Each structure stands twice: as structure tokens, then as C-alpha cells.
Amino acid sequence: MTQKDPILQKKYSLIVGFFLLGIAVYGASLTNSFSIIDDGLLIFENNAIRAITLSNLSTIFTSYDPELYIPLTLFSYQIDYLIGGYNPFIYHFTSLLLHIASSLLVLWIVFLLSGRKWLALFCGIFFAVHPIQAEAVVWAAARKDVLSSFFFLSCLCSYLLWRKESNEQKESKEGRKWYFVSLGLFVLGLLSKVTVVTLPIVLLLVDWQQKRKITKEVLMEKVPYFALSIFFGLVALGGKQDLLVQTNIFEKILLACKTTVFGLRQILFPAQLSVFHPELHPIRLMSIDFLLPIAVLIIIASLLWRFRKTHPELLFGALFFLITLAPSFLTVTKGGNIFFFSDRYAYLPSIGIFFAVGSLFFAIKKIPLYHRSMVAGVIAVIFSMITVHQSLLWGSGVALFSRPAKLYPEFYLSHINVGAGLREEGKREEAIASFKKAVSLYELPNTYGLIGQVYAEEGNYPEAIEYFEKGLDLLSEDPELHYGLGQVYALQGDLLGAEKSYKTALKYSEDDD
């Protein structure tokens, strides 16, 4: 440590301060239960995380989840299970610790890049408290995002330390070790989630920002990073093949433009945070939903180019944002639905915007630094309050899915999930209304089955039978609907009807096998 690094001299105070900040913002959400989306698939219904054995390790390292290759993320769940079983607290606490550590890494990286302690604090604090980060931090199934981001930032930090020591010591063995540490951390990041695959391009961007000439030597030192990216990218495609073909290249470009502009808006003005952002309109160039984002991108690109010499930090931040957001352009289709954005996809890219905005903010010399710091502090407090509210939404299925149901009232899946939450709370009539709203927007056999189940719970067996039969009219070979219908017949005392439905369910279940 040197006298030139004042921010590092206070590292222990910073660690404690950021830990307390993280607890203040996310502490209340540590009591959240598991979410009804994906937490079951990855955690409490996943036998592979229940013990750290050779068999389970083999399973997580040789399979997808079902579409993502995330063995290290699943291993982290194994550790959580070893400590706390299925207590949600330990899973949330682990993710929060990773987020706090990543916030400190953001602070350190920005300081290494710029040498400006106030800018570093600005970026670290806003990364820690910004509302758009809440989804990645409090959703247990989003561990892959916070874990891979932690290793991404650790890798980038190690790379910067290598470059710093290389410059000071002229490629000593001591300095060279950080290069190999960086490579190792990159592997861990790729094993957590392959979206960190863009890191080699970010390293080249950092070289440009640090005014290194892109020589053959500079490119050669990136070869191992690119090799790892290509290898893990090919592995990841194995779980995404079906999803990638559901939209053509032209549609992907239009969606990418919309994703980029919407993500930027979410970071600057986090007013439409939602677990779902579905694309409900036809994907065509002349639609205002896609034409406007293209126009906005053209304007932003022209401004960045115009000020590239006087304010290069703006271009650096924008390119960091775009490069790290790019992997999400390929993951727009899930379950037959198209989603143009997910809040957690901005977890890493937000750093670029914080860097650009912070650089511009602290470049305003006409306003005293004290006043600028006060403004930043007020905004950070407001964002923190929004984040507290947003994090607590994940503790209630009804609250969580009511937001997208209001933002996108024509999207059936939000109404299904609201209905599921209401059913858990014992509000059966309201649950039925939500399920009926969903089925009016998009008919699914299983939605009719859900309505039938709630009617059966109320003892209204004729209505229950009617809705199970409506589901079977859409998909007559669904074993779950036949089984549910059999249960209703049994409850009302029709044993012959129950036996017939159970046998049909068994027949179609065996056919599926």
C-alpha cells in the first residue's frame, strides 16, 4: 500500500461500511421465502444439491439446468444446503454477501481505472443500492448472476493489478501471478454462468481506456481468455439450441435495440421494475416500439462520437454497458414467450452507466464538490428506499406478480402467477378471477386445471369438473388433467369416474415415458 492510494488505506472501514449499507438496504428481505419461479427447479426440488458427493458433483458438471450450464452456481447451493438445509435465509444471505463483495470490487476497479476516489465511491455505492440490482440479489434462483458477476469483477480487478504491477516492476514474476489469477477467476465465472463470456472484449476496452496500444503482444495475452470464451460459449449453446431458432436474426437485432434503450432507461429512471418484460407486439421495423429505440441509439451514438476526445469516459462507459449486455440479446425466448428485457440482465452492464454518469457528474466544476456530493447522496437514498420496497416484493407472490400484471395487463403468465399467490394465501375467489383473466388472454390446458383445482378446494365439484374437461378439450392426453379430474370424482363420491380418470392418467403417463 502506498501513500498514493488513500482509498485503499481505508479498506477495512470501506468493507464494514459497505456491509452495513448492504444490510440496511437488503436486510429486511433476508426473511423472504423462496419464489414460485425457478427456486423449486434449482433448489428445493433439485436432488443434486442435497449433498456434496461425487455423484452429485458429476451431475451438476455434466448437465444443464435445463438450459444453462451453471455447475459452480449449483455447487454454491450445495454449500448453502449443507449449512442451512432448505432455510431460505442462508440462500439470500449468501447472495447478499456476494453483492456486497461485488460492490467493493466495483469501487476498487473504478479507482484503478481512474485514480479518482469520489468517482470510485459513487460507482460502488450506486452499484450497491440501485433498485435494478434487487432482482439478482434477492431472487435465490438468480444466484448465477451475482456469482458470475463476482468472478467477472474479481478477474477484471486481477487483470488491472497485473497491468499496474507490470508497469511498475516491468513484468516481474510477482506481477505475472495476477495474470494467471485472472484467468483462473474467469474460468470460475464461466462455470457460474456463461454470460461473462464477453470479458476478453472488456479487457481490450480497458486497454484502450488505459491508453495501451493494441499491439500483437496485447492481443496475444488475450488469446487464453478468448479460447475459454469460445469453449464455454459452445458448451452453453448445447442448452440454448431450441431457444435460439425461435426468432430470426432481423428480429433479434430489433429486440436488441429495444433491450439496450430500455435497459439504459431502467438504470437512469428505475420506474418500471418488473419480474417480466414480455414482448407483446409484432416485431417489425416500422413499429414505434422498435423504430423509436433505433432513433434513440443513433442520437446517443452520434453524441458519444462527437465527445469522444473531450469526454472519452462517456464512450468507455457506454461500450462497457453494451458489451456486457450483449449476451442477453440471445436469451429473449422462454417457454414460448418473448421477453425483451429482464432487470437482472443489467446487473453488470449498469457499472458502465454509473462510470459514465459519475464521470460527467464530477466534471461539473461550476458547482462545489460538496453540493454535488449532497445531490448524489439524496439520489442514493431515494434509490435505496425503492430497492428496499422492490426487494420485499419478492417475499410475496401476489405483490411480485401484480406489478407486471399492471404494466403488461395483456400478458397471461403474470395473471397465472398472481392467481397462484392468491391461492397460497387462501383467497380462492380472487385466485379464480386471476386464472380466468389469464385463460381469457391465452388458453392453456393447465390454466383450466388450476381453476378446477380451486373450485374443488371450495367444494364446488360440478364447476371443477367443467374446467378440467375444458382443459382436456384442448389437450386430451394430458395425464395431470386426467389425474386432477379423478381426484374431483373421488371427492364427490363417484368412484367409477375416479377409477376411469386415474387409469387414463396412468396410460398417458406411461406413453410419455
# chains A, B, ... in the order shown; residues from 1 in each chain; ligands from 1
>>> residues_around(residues="Tyr455 of chain A", least_positions_apart="4", cutoff="10 Å", atoms="only C-alpha atoms", output="PyMOL selection string")
chain A and resi 428-429+432+449-451+459-467+488
>>> residues_around(residues="segment 338-352 of chain A", least_positions_apart="5", cutoff="9 Å", atoms="only C-alpha atoms", output="count of residues only")
54
>>> closest_atom_pairs(of="segment 377-492 of chain A", to="segment 22-27 of chain A", cutoff="7 Å", atoms="only C-alpha atoms", output="JSON lines")
{"residue": "A:Ser384", "atom": "CA", "partner": "A:Val25", "partner_atom": "CA", "distance": 6.1}
{"residue": "A:Thr387", "atom": "CA", "partner": "A:Val25", "partner_atom": "CA", "distance": 6.8}
{"residue": "A:Val388", "atom": "CA", "partner": "A:Val25", "partner_atom": "CA", "distance": 5.5}
{"residue": "A:Ser391", "atom": "CA", "partner": "A:Tyr26", "partner_atom": "CA", "distance": 6.8}
>>> closest_residue(among="A:Lys11, A:Pro131, A:His99, A:Ser114", to="Ala380 of chain A", atoms="only C-alpha atoms")
A:Pro131
>>> select_by_dssp(residues="segment 244-363 of chain A", states="strand (DSSP E or B)", output="PDB file with N, CA, C and O atoms, in the first residue's frame")
ATOM      1  N   PRO A 278     -42.412  -8.761 -21.108  1.00  0.00           N
ATOM      2  CA  PRO A 278     -42.718  -9.535 -22.326  1.00  0.00           C
ATOM      3  C   PRO A 278     -42.873  -8.644 -23.549  1.00  0.00           C
ATOM      4  O   PRO A 278     -43.272  -7.478 -23.442  1.00  0.00           O
ATOM      5  N   THR A 333     -36.228 -15.676 -25.655  1.00  0.00           N
ATOM      6  CA  THR A 333     -37.364 -16.585 -25.734  1.00  0.00           C
ATOM      7  C   THR A 333     -37.327 -17.606 -24.609  1.00  0.00           C
ATOM      8  O   THR A 333     -36.323 -18.295 -24.429  1.00  0.00           O
ATOM      9  N   LYS A 334     -38.426 -17.684 -23.860  1.00  0.00           N
ATOM     10  CA  LYS A 334     -38.520 -18.649 -22.765  1.00  0.00           C
ATOM     11  C   LYS A 334     -39.948 -19.161 -22.689  1.00  0.00           C
ATOM     12  O   LYS A 334     -40.890 -18.366 -22.606  1.00  0.00           O
ATOM     13  N   ASN A 337     -42.584 -17.759 -24.936  1.00  0.00           N
ATOM     14  CA  ASN A 337     -42.821 -16.317 -24.844  1.00  0.00           C
ATOM     15  C   ASN A 337     -41.534 -15.556 -25.135  1.00  0.00           C
ATOM     16  O   ASN A 337     -40.442 -16.065 -24.891  1.00  0.00           O
ATOM     17  N   ILE A 338     -41.683 -14.335 -25.630  1.00  0.00           N
ATOM     18  CA  ILE A 338     -40.535 -13.485 -25.919  1.00  0.00           C
ATOM     19  C   ILE A 338     -40.449 -12.392 -24.850  1.00  0.00           C
ATOM     20  O   ILE A 338     -41.425 -11.690 -24.582  1.00  0.00           O
ATOM     21  N   PHE A 339     -39.278 -12.278 -24.221  1.00  0.00           N
ATOM     22  CA  PHE A 339     -39.032 -11.249 -23.220  1.00  0.00           C
ATOM     23  C   PHE A 339     -37.894 -10.367 -23.723  1.00  0.00           C
ATOM     24  O   PHE A 339     -36.790 -10.849 -23.963  1.00  0.00           O
TER      25      PHE A 339
END
>>> select_by_dssp(residues="segment 199-308 of chain A", states="alpha helix (DSSP H)", output="JSON, numbers by chain")
{"A": [199, 200, 201, 202, 203, 204, 205, 206, 207, 208, 209, 216, 217, 218, 219, 220, 221, 222, 223, 224, 225, 226, 227, 228, 229, 230, 231, 232, 233, 234, 235, 236, 237, 238, 239, 240, 241, 242, 243, 244, 249, 250, 251, 252, 253, 254, 255, 256, 257, 258, 259, 260, 261, 262, 263, 264, 265, 266, 267, 268, 288, 289, 290, 291, 292, 293, 294, 295, 296, 297, 298, 299, 300, 301, 302, 303, 304, 305, 306]}
